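Text of model-v4.txt, listed as compact mmCIF, N, CA and C atoms:
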```
# COMPACT_ATOMS: atom_id res chain seq x y z
N MET S 452 20.64 -2.44 -36.82
CA MET S 452 19.93 -2.06 -35.62
C MET S 452 19.98 -3.19 -34.60
N THR S 453 20.05 -2.82 -33.33
CA THR S 453 19.94 -3.81 -32.26
C THR S 453 18.72 -3.46 -31.41
N VAL S 454 18.23 -4.44 -30.72
CA VAL S 454 17.08 -4.23 -29.82
C VAL S 454 17.61 -3.56 -28.56
N ASP S 455 17.02 -2.44 -28.19
CA ASP S 455 17.46 -1.66 -27.04
C ASP S 455 16.74 -2.16 -25.78
N ILE S 456 17.31 -3.17 -25.12
CA ILE S 456 16.71 -3.73 -23.91
C ILE S 456 17.21 -2.95 -22.71
N LYS S 457 16.30 -2.45 -21.90
CA LYS S 457 16.66 -1.65 -20.73
C LYS S 457 16.73 -2.47 -19.44
N ASP S 458 15.97 -3.56 -19.38
CA ASP S 458 15.93 -4.36 -18.16
C ASP S 458 15.30 -5.70 -18.50
N MET S 459 15.28 -6.59 -17.53
CA MET S 459 14.66 -7.89 -17.72
C MET S 459 14.00 -8.30 -16.41
N THR S 460 12.80 -8.83 -16.50
CA THR S 460 12.07 -9.27 -15.32
C THR S 460 11.59 -10.69 -15.53
N PRO S 461 12.19 -11.66 -14.82
CA PRO S 461 11.70 -13.04 -14.94
C PRO S 461 10.29 -13.17 -14.36
N LEU S 462 9.52 -14.09 -14.93
CA LEU S 462 8.19 -14.42 -14.44
C LEU S 462 8.21 -15.87 -14.01
N LEU S 463 7.88 -16.13 -12.74
CA LEU S 463 7.83 -17.49 -12.23
C LEU S 463 6.39 -17.89 -11.96
N GLN S 464 6.02 -19.08 -12.42
CA GLN S 464 4.70 -19.62 -12.14
C GLN S 464 4.76 -20.30 -10.77
N VAL S 465 3.86 -19.93 -9.86
CA VAL S 465 3.88 -20.45 -8.49
C VAL S 465 2.58 -21.15 -8.16
N TYR S 466 2.65 -22.07 -7.22
CA TYR S 466 1.47 -22.82 -6.80
C TYR S 466 0.69 -22.06 -5.73
N ASP S 467 1.37 -21.61 -4.68
CA ASP S 467 0.72 -20.91 -3.57
C ASP S 467 1.32 -19.51 -3.46
N MET S 468 0.58 -18.52 -3.91
CA MET S 468 1.08 -17.15 -3.97
C MET S 468 1.51 -16.64 -2.60
N GLN S 469 0.72 -16.87 -1.58
CA GLN S 469 1.06 -16.34 -0.26
C GLN S 469 2.36 -16.95 0.26
N GLU S 470 2.56 -18.24 0.04
CA GLU S 470 3.79 -18.90 0.46
C GLU S 470 4.99 -18.34 -0.30
N SER S 471 4.82 -18.15 -1.60
CA SER S 471 5.90 -17.60 -2.42
C SER S 471 6.23 -16.17 -2.03
N LEU S 472 5.20 -15.37 -1.79
CA LEU S 472 5.44 -13.98 -1.36
C LEU S 472 6.21 -13.95 -0.04
N ALA S 473 5.85 -14.79 0.90
CA ALA S 473 6.56 -14.84 2.18
C ALA S 473 8.03 -15.21 1.98
N PHE S 474 8.28 -16.18 1.12
CA PHE S 474 9.65 -16.61 0.83
C PHE S 474 10.46 -15.45 0.24
N TYR S 475 9.95 -14.83 -0.80
CA TYR S 475 10.71 -13.77 -1.47
C TYR S 475 10.83 -12.51 -0.59
N GLN S 476 9.86 -12.26 0.26
CA GLN S 476 9.99 -11.15 1.19
C GLN S 476 11.07 -11.43 2.22
N ALA S 477 11.25 -12.70 2.62
CA ALA S 477 12.34 -13.07 3.53
C ALA S 477 13.70 -12.82 2.87
N LEU S 478 13.74 -12.88 1.53
CA LEU S 478 14.98 -12.57 0.82
C LEU S 478 15.20 -11.06 0.69
N GLY S 479 14.20 -10.28 1.04
CA GLY S 479 14.32 -8.83 0.99
C GLY S 479 13.55 -8.16 -0.13
N PHE S 480 12.82 -8.94 -0.93
CA PHE S 480 12.00 -8.34 -1.98
C PHE S 480 10.80 -7.64 -1.35
N ARG S 481 10.36 -6.58 -1.99
CA ARG S 481 9.14 -5.90 -1.56
C ARG S 481 8.13 -5.96 -2.70
N ILE S 482 6.87 -5.92 -2.33
CA ILE S 482 5.81 -6.00 -3.32
C ILE S 482 5.56 -4.61 -3.90
N LEU S 483 5.69 -4.48 -5.21
CA LEU S 483 5.40 -3.21 -5.89
C LEU S 483 3.94 -3.15 -6.32
N GLN S 484 3.43 -4.28 -6.87
CA GLN S 484 2.06 -4.34 -7.34
C GLN S 484 1.52 -5.75 -7.12
N GLN S 485 0.20 -5.83 -6.92
CA GLN S 485 -0.49 -7.11 -6.82
C GLN S 485 -1.80 -7.01 -7.58
N ALA S 486 -2.23 -8.13 -8.15
CA ALA S 486 -3.50 -8.12 -8.86
C ALA S 486 -4.17 -9.48 -8.70
N PRO S 487 -5.46 -9.56 -8.66
CA PRO S 487 -6.37 -8.43 -8.74
C PRO S 487 -6.48 -7.64 -7.44
N SER S 488 -6.11 -8.23 -6.29
CA SER S 488 -6.16 -7.48 -5.04
C SER S 488 -5.13 -8.06 -4.08
N VAL S 489 -4.88 -7.36 -3.00
CA VAL S 489 -3.93 -7.83 -1.99
C VAL S 489 -4.42 -9.11 -1.35
N VAL S 490 -5.72 -9.21 -1.09
CA VAL S 490 -6.29 -10.37 -0.42
C VAL S 490 -6.32 -11.60 -1.33
N ASP S 491 -6.64 -11.42 -2.58
CA ASP S 491 -6.82 -12.54 -3.50
C ASP S 491 -5.86 -12.41 -4.68
N CYS S 492 -4.60 -12.27 -4.37
CA CYS S 492 -3.58 -11.99 -5.38
C CYS S 492 -3.23 -13.24 -6.20
N ASN S 493 -3.17 -13.09 -7.52
CA ASN S 493 -2.68 -14.17 -8.37
C ASN S 493 -1.54 -13.72 -9.27
N TRP S 494 -1.12 -12.47 -9.12
CA TRP S 494 0.03 -11.92 -9.82
C TRP S 494 0.66 -10.86 -8.93
N ALA S 495 2.00 -10.84 -8.90
CA ALA S 495 2.70 -9.83 -8.10
C ALA S 495 3.99 -9.43 -8.80
N LEU S 496 4.31 -8.16 -8.68
CA LEU S 496 5.58 -7.62 -9.15
C LEU S 496 6.39 -7.28 -7.91
N LEU S 497 7.56 -7.88 -7.80
CA LEU S 497 8.42 -7.68 -6.64
C LEU S 497 9.67 -6.91 -7.06
N GLU S 498 10.31 -6.27 -6.07
CA GLU S 498 11.52 -5.49 -6.35
C GLU S 498 12.49 -5.63 -5.19
N HIS S 499 13.77 -5.70 -5.55
CA HIS S 499 14.85 -5.71 -4.56
C HIS S 499 16.05 -5.03 -5.19
N SER S 500 16.50 -3.94 -4.62
CA SER S 500 17.69 -3.22 -5.10
C SER S 500 17.61 -2.89 -6.59
N GLY S 501 16.43 -2.51 -7.03
CA GLY S 501 16.24 -2.12 -8.43
C GLY S 501 16.03 -3.28 -9.38
N LYS S 502 16.05 -4.51 -8.87
CA LYS S 502 15.82 -5.69 -9.71
C LYS S 502 14.40 -6.17 -9.48
N THR S 503 13.72 -6.57 -10.55
CA THR S 503 12.33 -6.97 -10.42
C THR S 503 12.13 -8.45 -10.75
N LEU S 504 11.06 -8.99 -10.18
CA LEU S 504 10.68 -10.38 -10.36
C LEU S 504 9.16 -10.42 -10.33
N MET S 505 8.56 -11.17 -11.26
CA MET S 505 7.11 -11.33 -11.25
C MET S 505 6.76 -12.75 -10.84
N LEU S 506 5.69 -12.87 -10.07
CA LEU S 506 5.13 -14.16 -9.70
C LEU S 506 3.70 -14.22 -10.21
N ASN S 507 3.33 -15.36 -10.75
CA ASN S 507 1.98 -15.56 -11.25
C ASN S 507 1.52 -16.94 -10.81
N THR S 508 0.30 -17.06 -10.34
CA THR S 508 -0.18 -18.38 -9.95
C THR S 508 -0.28 -19.27 -11.19
N ALA S 509 0.10 -20.52 -11.02
CA ALA S 509 0.09 -21.47 -12.13
C ALA S 509 -1.33 -21.90 -12.50
N TYR S 510 -2.27 -21.68 -11.58
CA TYR S 510 -3.66 -22.11 -11.80
C TYR S 510 -4.61 -21.00 -11.37
N GLU S 511 -5.69 -20.87 -12.09
CA GLU S 511 -6.76 -20.00 -11.61
C GLU S 511 -7.31 -20.61 -10.33
N LYS S 512 -7.79 -19.78 -9.44
CA LYS S 512 -8.22 -20.23 -8.12
C LYS S 512 -9.18 -21.42 -8.18
N ASP S 513 -10.16 -21.39 -9.07
CA ASP S 513 -11.15 -22.46 -9.13
C ASP S 513 -10.66 -23.70 -9.89
N HIS S 514 -9.43 -23.67 -10.43
CA HIS S 514 -8.87 -24.82 -11.14
C HIS S 514 -7.60 -25.36 -10.47
N ARG S 515 -7.26 -24.82 -9.33
CA ARG S 515 -6.03 -25.22 -8.64
C ARG S 515 -6.20 -26.61 -8.04
N PRO S 516 -5.29 -27.55 -8.36
CA PRO S 516 -5.37 -28.87 -7.77
C PRO S 516 -5.00 -28.83 -6.28
N LEU S 517 -5.30 -29.88 -5.55
CA LEU S 517 -5.02 -29.93 -4.12
C LEU S 517 -3.53 -29.89 -3.82
N THR S 518 -2.71 -30.40 -4.73
CA THR S 518 -1.25 -30.38 -4.58
C THR S 518 -0.64 -29.99 -5.93
N PRO S 519 0.59 -29.49 -5.91
CA PRO S 519 1.23 -29.14 -7.17
C PRO S 519 1.39 -30.36 -8.07
N ASP S 520 1.31 -30.15 -9.37
CA ASP S 520 1.49 -31.21 -10.35
C ASP S 520 2.99 -31.56 -10.39
N PRO S 521 3.38 -32.78 -9.95
CA PRO S 521 4.80 -33.13 -9.89
C PRO S 521 5.51 -33.05 -11.25
N THR S 522 4.81 -33.33 -12.33
CA THR S 522 5.42 -33.26 -13.65
C THR S 522 5.78 -31.82 -13.99
N ARG S 523 4.90 -30.91 -13.67
CA ARG S 523 5.15 -29.50 -13.94
C ARG S 523 6.29 -28.97 -13.08
N VAL S 524 6.27 -29.29 -11.79
CA VAL S 524 7.28 -28.80 -10.86
C VAL S 524 8.65 -29.39 -11.16
N LEU S 525 8.70 -30.60 -11.69
CA LEU S 525 9.95 -31.26 -12.04
C LEU S 525 10.82 -30.37 -12.93
N HIS S 526 10.21 -29.66 -13.83
CA HIS S 526 10.96 -28.82 -14.76
C HIS S 526 11.41 -27.50 -14.14
N HIS S 527 10.92 -27.15 -12.98
CA HIS S 527 11.36 -25.91 -12.33
C HIS S 527 12.84 -25.97 -11.97
N ARG S 528 13.34 -27.18 -11.71
CA ARG S 528 14.76 -27.27 -11.34
C ARG S 528 15.67 -27.01 -12.53
N ASP S 529 15.11 -26.88 -13.72
CA ASP S 529 15.91 -26.52 -14.89
C ASP S 529 16.25 -25.03 -14.92
N LEU S 530 15.68 -24.27 -14.02
CA LEU S 530 15.90 -22.82 -13.98
C LEU S 530 16.60 -22.44 -12.69
N THR S 531 17.66 -21.66 -12.80
CA THR S 531 18.33 -21.12 -11.62
C THR S 531 18.43 -19.61 -11.77
N LEU S 532 18.02 -18.90 -10.74
CA LEU S 532 18.19 -17.44 -10.69
C LEU S 532 19.46 -17.16 -9.90
N TYR S 533 20.41 -16.45 -10.50
CA TYR S 533 21.65 -16.09 -9.84
C TYR S 533 21.57 -14.64 -9.40
N PHE S 534 21.85 -14.42 -8.12
CA PHE S 534 21.89 -13.07 -7.57
C PHE S 534 23.32 -12.78 -7.14
N SER S 535 23.92 -11.73 -7.70
CA SER S 535 25.25 -11.29 -7.29
C SER S 535 25.09 -10.57 -5.96
N THR S 536 25.63 -11.19 -4.91
CA THR S 536 25.35 -10.73 -3.55
C THR S 536 26.62 -10.77 -2.70
N PRO S 537 27.12 -9.62 -2.26
CA PRO S 537 28.29 -9.65 -1.37
C PRO S 537 27.90 -10.17 0.01
N GLY S 538 28.90 -10.58 0.79
CA GLY S 538 28.66 -11.02 2.15
C GLY S 538 27.90 -12.34 2.23
N ILE S 539 28.37 -13.34 1.52
CA ILE S 539 27.66 -14.61 1.44
C ILE S 539 27.43 -15.23 2.82
N SER S 540 28.40 -15.13 3.72
CA SER S 540 28.22 -15.71 5.06
C SER S 540 27.08 -15.03 5.81
N GLN S 541 26.95 -13.72 5.68
CA GLN S 541 25.87 -12.99 6.32
C GLN S 541 24.53 -13.35 5.68
N VAL S 542 24.52 -13.51 4.37
CA VAL S 542 23.29 -13.91 3.68
C VAL S 542 22.87 -15.30 4.17
N HIS S 543 23.83 -16.18 4.28
CA HIS S 543 23.57 -17.55 4.77
C HIS S 543 22.91 -17.48 6.14
N GLN S 544 23.47 -16.70 7.05
CA GLN S 544 22.92 -16.57 8.40
C GLN S 544 21.51 -15.98 8.37
N HIS S 545 21.31 -14.97 7.55
CA HIS S 545 19.99 -14.32 7.42
C HIS S 545 18.94 -15.33 6.98
N LEU S 546 19.27 -16.12 5.97
CA LEU S 546 18.31 -17.11 5.46
C LEU S 546 18.00 -18.17 6.52
N LYS S 547 19.01 -18.62 7.24
CA LYS S 547 18.78 -19.59 8.32
C LYS S 547 17.86 -19.01 9.38
N GLU S 548 18.08 -17.75 9.73
CA GLU S 548 17.25 -17.09 10.75
C GLU S 548 15.80 -16.96 10.30
N HIS S 549 15.57 -16.95 9.00
CA HIS S 549 14.21 -16.87 8.46
C HIS S 549 13.62 -18.24 8.16
N GLY S 550 14.28 -19.28 8.66
CA GLY S 550 13.74 -20.63 8.53
C GLY S 550 13.87 -21.24 7.15
N ILE S 551 14.73 -20.68 6.33
CA ILE S 551 14.93 -21.20 4.98
C ILE S 551 16.02 -22.28 5.04
N GLU S 552 15.68 -23.47 4.55
CA GLU S 552 16.62 -24.58 4.55
C GLU S 552 17.75 -24.29 3.58
N ILE S 553 18.98 -24.37 4.07
CA ILE S 553 20.13 -23.99 3.24
C ILE S 553 21.37 -24.75 3.69
N ARG S 554 22.19 -25.12 2.72
CA ARG S 554 23.46 -25.78 3.02
C ARG S 554 24.54 -24.72 3.26
N GLU S 555 25.67 -25.16 3.76
CA GLU S 555 26.80 -24.26 4.01
C GLU S 555 27.30 -23.66 2.70
N PRO S 556 27.90 -22.46 2.75
CA PRO S 556 28.46 -21.85 1.54
C PRO S 556 29.51 -22.76 0.90
N GLN S 557 29.58 -22.69 -0.43
CA GLN S 557 30.53 -23.48 -1.21
C GLN S 557 31.38 -22.55 -2.06
N VAL S 558 32.54 -23.05 -2.46
CA VAL S 558 33.37 -22.33 -3.42
C VAL S 558 33.17 -23.01 -4.77
N THR S 559 32.81 -22.23 -5.77
CA THR S 559 32.54 -22.79 -7.10
C THR S 559 33.84 -23.00 -7.87
N THR S 560 33.75 -23.76 -8.94
CA THR S 560 34.91 -23.98 -9.80
C THR S 560 35.32 -22.71 -10.54
N TYR S 561 34.41 -21.74 -10.61
CA TYR S 561 34.72 -20.50 -11.30
C TYR S 561 35.13 -19.37 -10.33
N GLY S 562 35.46 -19.75 -9.06
CA GLY S 562 36.04 -18.79 -8.14
C GLY S 562 35.07 -17.89 -7.40
N PHE S 563 33.86 -18.35 -7.17
CA PHE S 563 32.88 -17.59 -6.41
C PHE S 563 32.52 -18.36 -5.14
N LYS S 564 32.18 -17.63 -4.10
CA LYS S 564 31.57 -18.23 -2.90
C LYS S 564 30.07 -18.16 -3.12
N SER S 565 29.37 -19.29 -2.89
CA SER S 565 27.95 -19.30 -3.22
C SER S 565 27.15 -20.13 -2.22
N ILE S 566 25.87 -19.81 -2.19
CA ILE S 566 24.88 -20.61 -1.47
C ILE S 566 23.68 -20.75 -2.38
N THR S 567 23.02 -21.89 -2.28
CA THR S 567 21.82 -22.09 -3.08
C THR S 567 20.68 -22.52 -2.18
N VAL S 568 19.49 -22.08 -2.57
CA VAL S 568 18.27 -22.46 -1.87
C VAL S 568 17.24 -22.83 -2.95
N THR S 569 16.22 -23.51 -2.51
CA THR S 569 15.12 -23.84 -3.40
C THR S 569 13.89 -23.13 -2.89
N ASP S 570 13.20 -22.42 -3.77
CA ASP S 570 12.00 -21.71 -3.35
C ASP S 570 10.84 -22.71 -3.20
N PRO S 571 9.69 -22.28 -2.70
CA PRO S 571 8.58 -23.20 -2.46
C PRO S 571 8.11 -23.96 -3.70
N ASP S 572 8.43 -23.48 -4.89
CA ASP S 572 7.98 -24.13 -6.12
C ASP S 572 9.08 -24.92 -6.82
N GLY S 573 10.22 -25.06 -6.18
CA GLY S 573 11.29 -25.87 -6.75
C GLY S 573 12.27 -25.13 -7.63
N TYR S 574 12.16 -23.81 -7.73
CA TYR S 574 13.13 -23.03 -8.48
C TYR S 574 14.39 -22.88 -7.63
N THR S 575 15.56 -23.00 -8.25
CA THR S 575 16.82 -22.84 -7.54
C THR S 575 17.25 -21.38 -7.57
N ILE S 576 17.70 -20.92 -6.42
CA ILE S 576 18.20 -19.56 -6.30
C ILE S 576 19.62 -19.64 -5.77
N CYS S 577 20.54 -19.00 -6.46
CA CYS S 577 21.94 -19.01 -6.06
C CYS S 577 22.38 -17.58 -5.76
N PHE S 578 22.94 -17.40 -4.58
CA PHE S 578 23.58 -16.13 -4.22
C PHE S 578 25.07 -16.37 -4.35
N HIS S 579 25.75 -15.53 -5.12
CA HIS S 579 27.18 -15.75 -5.28
C HIS S 579 27.92 -14.43 -5.41
N TRP S 580 29.22 -14.50 -5.11
CA TRP S 580 30.07 -13.32 -5.15
C TRP S 580 31.51 -13.78 -5.36
N PRO S 581 32.31 -13.03 -6.10
CA PRO S 581 33.71 -13.44 -6.32
C PRO S 581 34.43 -13.71 -5.00
N LEU S 582 35.13 -14.82 -4.95
CA LEU S 582 35.80 -15.26 -3.74
C LEU S 582 36.77 -14.21 -3.19
N GLN S 583 37.56 -13.58 -4.03
CA GLN S 583 38.52 -12.60 -3.54
C GLN S 583 37.87 -11.36 -2.96
N GLU S 584 36.57 -11.16 -3.22
CA GLU S 584 35.86 -9.99 -2.70
C GLU S 584 34.97 -10.34 -1.50
N ASN S 585 34.90 -11.60 -1.09
CA ASN S 585 34.09 -12.01 0.06
C ASN S 585 34.80 -11.67 1.35
N GLU S 586 34.02 -11.64 2.42
CA GLU S 586 34.52 -11.30 3.75
C GLU S 586 35.88 -11.81 3.93
```
Please rewrite the model in this file as structure tokens.
Amino acid sequence: MTVDIKDMTPLLQVYDMQESLAFYQALGFRILQQAPSVVDCNWALLEHSGKTLMLNTAYEKDHRPLTPDPTRVLHHRDLTLYFSTPGISQVHQHLKEHGIEIREPQVTTYGFKSITVTDPDGYTICFHWPLQENE
């Protein structure tokens, strides 16, 4: 027998939910659910093109430090979310227009055109697409 997995939804621990929601909405994600409420959200389920992502605050509201814990955030760079995305040049322009800091597209050693950004919590996000299929 094998485990019948139908989908996968990563869960990212975030420091500032509103900042993270704004970032992921700029990428085109929409909010499917929030809890406990829209105003005081500490968990959200996001969706983009049938793919889901969950965000959860790293701290309960009354235990949140004034700034993110650098030791905790340091390990966020160990995780990269890869999104297969055609039209890398257009994606690059879109992200720049939304004020997201981003470097110019690169060609990877494995033959993809890619761009990477860092979300507000230090997680790396890579948009990539096979080079022969790019604009």
Looking at S:Val454, S:Tyr510, S:Thr518, S:His499, which one is nearest to Leu478 of chain S, with distances taken over all atoms listed in the file? S:His499
List every residue of chain S that DSSP, applied to the backbone, labels as strand (DSSP E or B), and write the result as number ranges by chain. S: 462-465, 481-486, 494-499, 502-508, 531-535, 557-558, 563-569, 575-581
Pairwise distance for atom C of His579 of chain S and atom N of Gln464 of chain S, rounded to one decimal in Å: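 So the answer is 23.5 Å.
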Distance in Å - atom N of Pro519 of chain S versus atom N of Ala486 of chain S: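 Computed distance, atom N of Pro519 of chain S to atom N of Ala486 of chain S, equals 21.7 Å.
Among the candidate residues S:Leu496, S:Ile566, S:Val524, S:Thr503, the one lying nearest to His545 of chain S is S:Ile566, with distances computed using only C-alpha atoms.
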Could you find all residues in chain S that DSSP calls helix (DSSP H, G or I) from the backbone, and write them as a ChimeraX atom specification? /S:468-477,512-514,521-529,539-548,582-584
Please determine an axis-aligned box that encloses all atoms of segment 511-519 of chain S listed in the file, with 4 Å added on each side, and express its centre and edge lengths in Å to one decimal as AutoDock Vina command-line options.
```
--center_x -4.9 --center_y -25.1 --center_z -8.0 --size_x 20.5 --size_y 18.6 --size_z 16.3
```
Between atom CA of Phe474 of chain S and atom C of Lys457 of chain S, what distance in Å does the model show, to one decimal?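 It comes out at 25.7 Å.
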Given all atoms listed in the file as the counted atoms, nearest of S:Leu530, S:Glu552, S:His514, S:Gln469 to Thr567 of chain S: S:Glu552
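Using only N, CA and C atoms for every distance, the candidate list S:Pro516, S:Gly479, S:Pro556, S:Pro571 yields S:Gly479 as the residue closest to Ser500 of chain S.
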Just want the 8 Å neighbourhood of Val568 of chain S, counted on only N, CA and C atoms, with same-chain residues fewer than 3 positions away dropped. Output as a PyMOL selection string. chain S and resi 551-554+565+571+573-578
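Taking all atoms listed in the file into account, Ser535 of chain S lies nearest to S:Pro581 out of the set S:Asp572, S:Arg523, S:Gln557, S:Pro581.
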Quick one: of S:Ala477, S:Leu463, S:Met452, S:Leu472, who's nearest to His549 of chain S, counting only N, CA and C atoms?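 So, comparing all the options, the nearest one is S:Ala477.
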Which residues are near Thr460 of chain S? Cut-off 8 Å, all atoms listed in the file, ignore same chain within fewer than 6 positions. Put them as a short mmCIF file (atom, residue, chain, number, x, y, z; two decimals) with N, CA and C atoms, in the coordinates of the input.
```cif
data_model
loop_
_atom_site.label_atom_id
_atom_site.label_comp_id
_atom_site.auth_asym_id
_atom_site.auth_seq_id
_atom_site.Cartn_x
_atom_site.Cartn_y
_atom_site.Cartn_z
N LYS S 502 16.05 -4.51 -8.87
CA LYS S 502 15.82 -5.69 -9.71
C LYS S 502 14.40 -6.17 -9.48
N THR S 503 13.72 -6.57 -10.55
CA THR S 503 12.33 -6.97 -10.42
C THR S 503 12.13 -8.45 -10.75
N LEU S 504 11.06 -8.99 -10.18
CA LEU S 504 10.68 -10.38 -10.36
C LEU S 504 9.16 -10.42 -10.33
N MET S 505 8.56 -11.17 -11.26
CA MET S 505 7.11 -11.33 -11.25
C MET S 505 6.76 -12.75 -10.84
#
```
Determine, counting only C-alpha atoms, every residue of protein, DNA or RNA that lies within 12 Å of (3.5, -8.0, -0.5) in the file coordinates, then give the result as number ranges by chain. S: 468-477, 479-486, 488-498, 505-506
Go ahead and save the residues from that selection, with N, CA and C atoms, as an mmCIF file, keeping the file's coordinate frame.
```
data_model
loop_
_atom_site.group_PDB
_atom_site.id
_atom_site.type_symbol
_atom_site.label_atom_id
_atom_site.label_comp_id
_atom_site.auth_asym_id
_atom_site.auth_seq_id
_atom_site.Cartn_x
_atom_site.Cartn_y
_atom_site.Cartn_z
ATOM 1 N N MET S 468 0.580 -18.520 -3.910
ATOM 2 C CA MET S 468 1.080 -17.150 -3.970
ATOM 3 C C MET S 468 1.510 -16.640 -2.600
ATOM 4 N N GLN S 469 0.720 -16.870 -1.580
ATOM 5 C CA GLN S 469 1.060 -16.340 -0.260
ATOM 6 C C GLN S 469 2.360 -16.950 0.260
ATOM 7 N N GLU S 470 2.560 -18.240 0.040
ATOM 8 C CA GLU S 470 3.790 -18.900 0.460
ATOM 9 C C GLU S 470 4.990 -18.340 -0.300
ATOM 10 N N SER S 471 4.820 -18.150 -1.600
ATOM 11 C CA SER S 471 5.900 -17.600 -2.420
ATOM 12 C C SER S 471 6.230 -16.170 -2.030
ATOM 13 N N LEU S 472 5.200 -15.370 -1.790
ATOM 14 C CA LEU S 472 5.440 -13.980 -1.360
ATOM 15 C C LEU S 472 6.210 -13.950 -0.040
ATOM 16 N N ALA S 473 5.850 -14.790 0.900
ATOM 17 C CA ALA S 473 6.560 -14.840 2.180
ATOM 18 C C ALA S 473 8.030 -15.210 1.980
ATOM 19 N N PHE S 474 8.280 -16.180 1.120
ATOM 20 C CA PHE S 474 9.650 -16.610 0.830
ATOM 21 C C PHE S 474 10.460 -15.450 0.240
ATOM 22 N N TYR S 475 9.950 -14.830 -0.800
ATOM 23 C CA TYR S 475 10.710 -13.770 -1.470
ATOM 24 C C TYR S 475 10.830 -12.510 -0.590
ATOM 25 N N GLN S 476 9.860 -12.260 0.260
ATOM 26 C CA GLN S 476 9.990 -11.150 1.190
ATOM 27 C C GLN S 476 11.070 -11.430 2.220
ATOM 28 N N ALA S 477 11.250 -12.700 2.620
ATOM 29 C CA ALA S 477 12.340 -13.070 3.530
ATOM 30 C C ALA S 477 13.700 -12.820 2.870
ATOM 31 N N GLY S 479 14.200 -10.280 1.040
ATOM 32 C CA GLY S 479 14.320 -8.830 0.990
ATOM 33 C C GLY S 479 13.550 -8.160 -0.130
ATOM 34 N N PHE S 480 12.820 -8.940 -0.930
ATOM 35 C CA PHE S 480 12.000 -8.340 -1.980
ATOM 36 C C PHE S 480 10.800 -7.640 -1.350
ATOM 37 N N ARG S 481 10.360 -6.580 -1.990
ATOM 38 C CA ARG S 481 9.140 -5.900 -1.560
ATOM 39 C C ARG S 481 8.130 -5.960 -2.700
ATOM 40 N N ILE S 482 6.870 -5.920 -2.330
ATOM 41 C CA ILE S 482 5.810 -6.000 -3.320
ATOM 42 C C ILE S 482 5.560 -4.610 -3.900
ATOM 43 N N LEU S 483 5.690 -4.480 -5.210
ATOM 44 C CA LEU S 483 5.400 -3.210 -5.890
ATOM 45 C C LEU S 483 3.940 -3.150 -6.320
ATOM 46 N N GLN S 484 3.430 -4.280 -6.870
ATOM 47 C CA GLN S 484 2.060 -4.340 -7.340
ATOM 48 C C GLN S 484 1.520 -5.750 -7.120
ATOM 49 N N GLN S 485 0.200 -5.830 -6.920
ATOM 50 C CA GLN S 485 -0.490 -7.110 -6.820
ATOM 51 C C GLN S 485 -1.800 -7.010 -7.580
ATOM 52 N N ALA S 486 -2.230 -8.130 -8.150
ATOM 53 C CA ALA S 486 -3.500 -8.120 -8.860
ATOM 54 C C ALA S 486 -4.170 -9.480 -8.700
ATOM 55 N N SER S 488 -6.110 -8.230 -6.290
ATOM 56 C CA SER S 488 -6.160 -7.480 -5.040
ATOM 57 C C SER S 488 -5.130 -8.060 -4.080
ATOM 58 N N VAL S 489 -4.880 -7.360 -3.000
ATOM 59 C CA VAL S 489 -3.930 -7.830 -1.990
ATOM 60 C C VAL S 489 -4.420 -9.110 -1.350
ATOM 61 N N VAL S 490 -5.720 -9.210 -1.090
ATOM 62 C CA VAL S 490 -6.290 -10.370 -0.420
ATOM 63 C C VAL S 490 -6.320 -11.600 -1.330
ATOM 64 N N ASP S 491 -6.640 -11.420 -2.580
ATOM 65 C CA ASP S 491 -6.820 -12.540 -3.500
ATOM 66 C C ASP S 491 -5.860 -12.410 -4.680
ATOM 67 N N CYS S 492 -4.600 -12.270 -4.370
ATOM 68 C CA CYS S 492 -3.580 -11.990 -5.380
ATOM 69 C C CYS S 492 -3.230 -13.240 -6.200
ATOM 70 N N ASN S 493 -3.170 -13.090 -7.520
ATOM 71 C CA ASN S 493 -2.680 -14.170 -8.370
ATOM 72 C C ASN S 493 -1.540 -13.720 -9.270
ATOM 73 N N TRP S 494 -1.120 -12.470 -9.120
ATOM 74 C CA TRP S 494 0.030 -11.920 -9.820
ATOM 75 C C TRP S 494 0.660 -10.860 -8.930
ATOM 76 N N ALA S 495 2.000 -10.840 -8.900
ATOM 77 C CA ALA S 495 2.700 -9.830 -8.100
ATOM 78 C C ALA S 495 3.990 -9.430 -8.800
ATOM 79 N N LEU S 496 4.310 -8.160 -8.680
ATOM 80 C CA LEU S 496 5.580 -7.620 -9.150
ATOM 81 C C LEU S 496 6.390 -7.280 -7.910
ATOM 82 N N LEU S 497 7.560 -7.880 -7.800
ATOM 83 C CA LEU S 497 8.420 -7.680 -6.640
ATOM 84 C C LEU S 497 9.670 -6.910 -7.060
ATOM 85 N N GLU S 498 10.310 -6.270 -6.070
ATOM 86 C CA GLU S 498 11.520 -5.490 -6.350
ATOM 87 C C GLU S 498 12.490 -5.630 -5.190
ATOM 88 N N MET S 505 8.560 -11.170 -11.260
ATOM 89 C CA MET S 505 7.110 -11.330 -11.250
ATOM 90 C C MET S 505 6.760 -12.750 -10.840
ATOM 91 N N LEU S 506 5.690 -12.870 -10.070
ATOM 92 C CA LEU S 506 5.130 -14.160 -9.700
ATOM 93 C C LEU S 506 3.700 -14.220 -10.210
#
```
